[in-house]
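Written out below as structure tokens is the structure these notes cover.
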Amino acid sequence: MNPSILMKSAVLAICAALLACSSSPQATATAAPAPAAHGKISKLSQVEGDVALCDHKVPEQVCVKHHPELVANFKKVGDWCPEHDVPESQCHLCHADLDFSALPTLPADADFALLSKAGEDVPDLAAHVVPGKVTVFDFYADWCAPCRKIDRHLHGVLQERKDVAVRKLNMVTWETPLAKRYLANATSMPVVTVYGRRGKLVATIVGFDLAALDKAIATGAAQ
Ligand SMILES: [Zn+2]
Ligand SMILES: [Zn+2]
């Protein structure tokens with residue numbers, strides 16, 4: 001084989017590896033910001049209470065195939081997938097992990113608060129650690145489908161135990177003061193930071209990993 005052919009096959013191998021990597025399940029499980037060609041996932045497809053899915057696997061009352069009159073609302077907020085002609089928040093082709101089921105209700109005494117509503121800076125996370133409890137700082141974004149799975153899990157944790165406090169922080173985009181301070185090195189969302197009962201940092205978990213989250217909560221409780 002002459003050197004130029006060798007070179008070509010090396011380049012092809014690298015391209016193939018990159019392609020394989022970008023289409024691996026892991027790459028879709030972690031949520032990078034939606035590419036510019038896509039819309040944003042708004043809350044318009046989320047419904048409260050019992051959710052009945054239609055044959056498009058979308059809550060019936062917000063499905064645009066059943067309710068074409070809703071299309072304008074979705075387009076107005078940029079929640080639209082031009083490629084598949086459905087709301088981004090209803091596009092199962094682009095988002096394999098869309099989840100419309102209602103979150104478990106929080107107990108009245110759940111220690112739960114929204115610390116950053118719209119990406120505003122929280123200069124000192126440690127100042128918000130709850131003494132005597134495991135504090136879970138949950139960095140999320142509305143466009144992040146796995147973040148909603150973290151929500152679901154944490155709601156379950158709060159139902160079961162009183163020694164856990166959850167503080168949610170809405171990054172909105174990678175450009176907000178909050179994201180710039182805490183998520184500059186994060187490669188994917190969600191990001192969850194856990195402090196133990198005595199206020200010691202236990203772990204920061206980047207990407208969707210419920211087992212690591214449970215382990216960090218257990219470690220924090222044992223401190
Ligand atoms: Zn439908
Ligand atoms: Zn799509």
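Within each chain, counting starts at residue 1; across the structure tokens, chains are named A, B, ... in the order shown, with ligands numbered 1 upward in that order.
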
Go through chain A and flag each residue having an atom no more than 12 Å from ligand 2; for those, report the closest pair of atoms plus their distance in Å to one decimal, using only C-alpha atoms and all ligand atoms, ordered by chain and rising number, as a tab-separated table.
residue	atom	partner	partner_atom_place_in_ligand_line	distance
A:Ala34	CA	ligand 2	1 (Zn)	10.7
A:Pro35	CA	ligand 2	1 (Zn)	11.2
A:Ala37	CA	ligand 2	1 (Zn)	9.8
A:His38	CA	ligand 2	1 (Zn)	7.4
A:Gly39	CA	ligand 2	1 (Zn)	8.8
A:Lys40	CA	ligand 2	1 (Zn)	10.9
A:Ile41	CA	ligand 2	1 (Zn)	11.0
A:Asp79	CA	ligand 2	1 (Zn)	10.7
A:Trp80	CA	ligand 2	1 (Zn)	8.1
A:Cys81	CA	ligand 2	1 (Zn)	4.8
A:Pro82	CA	ligand 2	1 (Zn)	7.0
A:Glu83	CA	ligand 2	1 (Zn)	5.5
A:His84	CA	ligand 2	1 (Zn)	4.6
A:Asp85	CA	ligand 2	1 (Zn)	7.1
A:Val86	CA	ligand 2	1 (Zn)	7.0
A:Pro87	CA	ligand 2	1 (Zn)	7.8
A:Glu88	CA	ligand 2	1 (Zn)	6.1
A:Ser89	CA	ligand 2	1 (Zn)	8.9
A:Gln90	CA	ligand 2	1 (Zn)	8.2
A:Cys91	CA	ligand 2	1 (Zn)	4.8
A:His92	CA	ligand 2	1 (Zn)	6.9
A:Leu93	CA	ligand 2	1 (Zn)	5.3
A:Cys94	CA	ligand 2	1 (Zn)	4.3
A:His95	CA	ligand 2	1 (Zn)	7.4
A:Ala96	CA	ligand 2	1 (Zn)	10.1
A:Leu98	CA	ligand 2	1 (Zn)	11.8

Saved selection, atoms kept: C-alpha atoms, as a compact mmCIF listing (two decimals), in the first residue's frame:
# COMPACT_ATOMS: atom_id res chain seq x y z
CA ALA A 34 -30.00 21.75 21.07
CA PRO A 35 -28.25 22.64 17.80
CA ALA A 37 -31.36 24.05 13.51
CA HIS A 38 -33.65 22.80 16.25
CA GLY A 39 -36.18 24.62 18.32
CA LYS A 40 -36.16 24.85 22.07
CA ILE A 41 -38.02 22.52 24.38
CA ASP A 79 -40.64 25.24 20.31
CA TRP A 80 -40.64 23.72 16.82
CA CYS A 81 -38.63 21.06 15.01
CA PRO A 82 -38.52 22.18 11.37
CA GLU A 83 -37.13 18.84 10.25
CA HIS A 84 -40.04 16.74 11.54
CA ASP A 85 -42.71 19.43 11.60
CA VAL A 86 -43.80 18.93 15.21
CA PRO A 87 -42.97 20.86 18.38
CA GLU A 88 -39.41 20.22 19.51
CA SER A 89 -40.92 19.24 22.87
CA GLN A 90 -42.99 16.52 21.11
CA CYS A 91 -40.35 15.27 18.67
CA HIS A 92 -39.55 11.69 19.62
CA LEU A 93 -37.30 11.40 16.57
CA CYS A 94 -34.95 14.10 17.89
CA HIS A 95 -35.40 13.33 21.60
CA ALA A 96 -35.64 9.65 22.44
CA LEU A 98 -38.99 12.72 26.21

Restrict the calculation to only C-alpha atoms, then for each residue of stretch 176-223 of chain A with any atom at most 8 Å from an atom of stretch 113-130 of chain A give the closest atom pair and their distance in Å to one decimal, rows by chain and rising residue number, as a Markdown table.
| residue | atom | partner | partner_atom | distance |
| --- | --- | --- | --- | --- |
| A:Thr176 | CA | A:Gly119 | CA | 5.2 |
| A:Pro177 | CA | A:Asp121 | CA | 5.1 |
| A:Leu178 | CA | A:Asp121 | CA | 4.4 |
| A:Ala179 | CA | A:Gly119 | CA | 6.9 |
| A:Arg181 | CA | A:Asp121 | CA | 7.6 |
| A:Tyr195 | CA | A:Val129 | CA | 7.0 |
| A:Arg197 | CA | A:Val130 | CA | 7.7 |
| A:Gly199 | CA | A:Val129 | CA | 6.4 |

Find the residues near ligand 1. Use a cut-off of 6 Å, count only C-alpha atoms and all ligand atoms, and write them as a compact mmCIF listing (two decimals) with C-alpha atoms, in the first residue's frame.
# COMPACT_ATOMS: atom_id res chain seq x y z
CA CYS A 54 -52.29 9.72 22.47
CA ASP A 55 -51.11 7.44 19.68
CA HIS A 56 -48.32 9.95 19.00
CA VAL A 58 -47.76 12.87 23.54
CA GLU A 60 -53.53 14.16 24.16
CA CYS A 63 -50.68 17.06 20.82
CA LYS A 65 -51.65 16.44 15.49
CA HIS A 66 -54.90 16.32 17.45

- Message: Need to verify the contact set: A:Ala52, 12 Å, only C-alpha atoms, exclusion of same-chain residues closer than 4 positions in sequence. Can you return it as number ranges by chain?
- Response: A: 46-48, 56-63, 100-102

**OP:** Output as a VMD selection string all residues of chain A that backbone DSSP marks as strand (DSSP E or B).
**Re:** chain A and resid 31 53 59 81 86 111 to 116 134 to 140 164 to 170 189 191 to 195 201 to 206

May I have the selected residues written with C-alpha atoms, as a tab-separated table (two decimals), in the first residue's frame?
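The new file out38.tsv reads:
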chain	number	residue	atom	x	y	z
A	31	ALA	CA	-28.14	16.55	26.74
A	53	LEU	CA	-50.79	9.76	25.96
A	59	PRO	CA	-50.28	14.10	26.15
A	81	CYS	CA	-38.63	21.06	15.01
A	86	VAL	CA	-43.80	18.93	15.21
A	111	ASP	CA	-37.13	20.79	51.88
A	112	PHE	CA	-37.20	22.02	48.30
A	113	ALA	CA	-36.46	25.43	46.81
A	114	LEU	CA	-35.63	27.12	43.53
A	115	LEU	CA	-32.35	28.96	44.11
A	116	SER	CA	-31.83	30.42	40.65
A	134	VAL	CA	-27.69	16.29	52.67
A	135	THR	CA	-28.02	19.21	50.27
A	136	VAL	CA	-28.48	18.43	46.59
A	137	PHE	CA	-27.86	21.32	44.17
A	138	ASP	CA	-29.61	20.40	40.95
A	139	PHE	CA	-28.46	22.43	37.92
A	140	TYR	CA	-31.01	21.97	35.14
A	164	VAL	CA	-32.32	15.62	52.19
A	165	ALA	CA	-32.71	19.20	50.92
A	166	VAL	CA	-32.96	19.92	47.20
A	167	ARG	CA	-32.04	23.29	45.69
A	168	LYS	CA	-32.76	23.71	42.02
A	169	LEU	CA	-30.83	26.07	39.76
A	170	ASN	CA	-32.10	26.88	36.28
A	189	MET	CA	-26.40	18.36	31.57
A	191	VAL	CA	-25.08	18.62	36.74
A	192	VAL	CA	-25.76	17.75	40.37
A	193	THR	CA	-23.60	18.80	43.31
A	194	VAL	CA	-24.07	17.06	46.65
A	195	TYR	CA	-22.97	18.29	50.10
A	201	LEU	CA	-18.68	18.61	49.39
A	202	VAL	CA	-19.32	14.97	48.48
A	203	ALA	CA	-19.53	14.93	44.69
A	204	THR	CA	-20.37	16.80	41.52
A	205	ILE	CA	-22.03	14.50	39.00
A	206	VAL	CA	-21.93	15.62	35.37

DSSP alpha helix (DSSP H) residues within stretch 1-217 of chain A, listed as a ChimeraX atom specification: /A:3-22,25-29,71-76,145-160,177-182,210-217

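A straight line drawn from atom CA of A:Ser45 to atom CA of A:Thr105 is 18.6 Å long.
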
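Residues within 9 Å of A:Pro107, counting only C-alpha atoms and excluding same-chain residues fewer than 5 positions away, are A:His155, A:Leu158, A:Gln159.
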
Please save N, CA and C atoms of the selected residues as a compact mmCIF listing (two decimals), in the first residue's frame.
# COMPACT_ATOMS: atom_id res chain seq x y z
N HIS A 155 -37.79 13.96 43.50
CA HIS A 155 -39.11 14.03 44.14
C HIS A 155 -39.37 12.75 44.93
N LEU A 158 -37.32 12.85 48.11
CA LEU A 158 -37.91 13.77 49.10
C LEU A 158 -39.16 13.18 49.75
N GLN A 159 -39.85 12.29 49.03
CA GLN A 159 -41.01 11.62 49.62
C GLN A 159 -40.58 10.64 50.69

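Between atom CA of A:Ala110 and atom CA of A:Ser42 the interatomic distance comes to 26.2 Å.
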
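With only C-alpha atoms as the atoms that count, the residue of A:Pro104, A:Ala141, A:Arg152, A:Val71 with the shortest distance to A:Lys43 is A:Ala141.
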
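Note that atom CA of A:Lys200 and atom CA of A:Gln223 are 8.3 Å apart.
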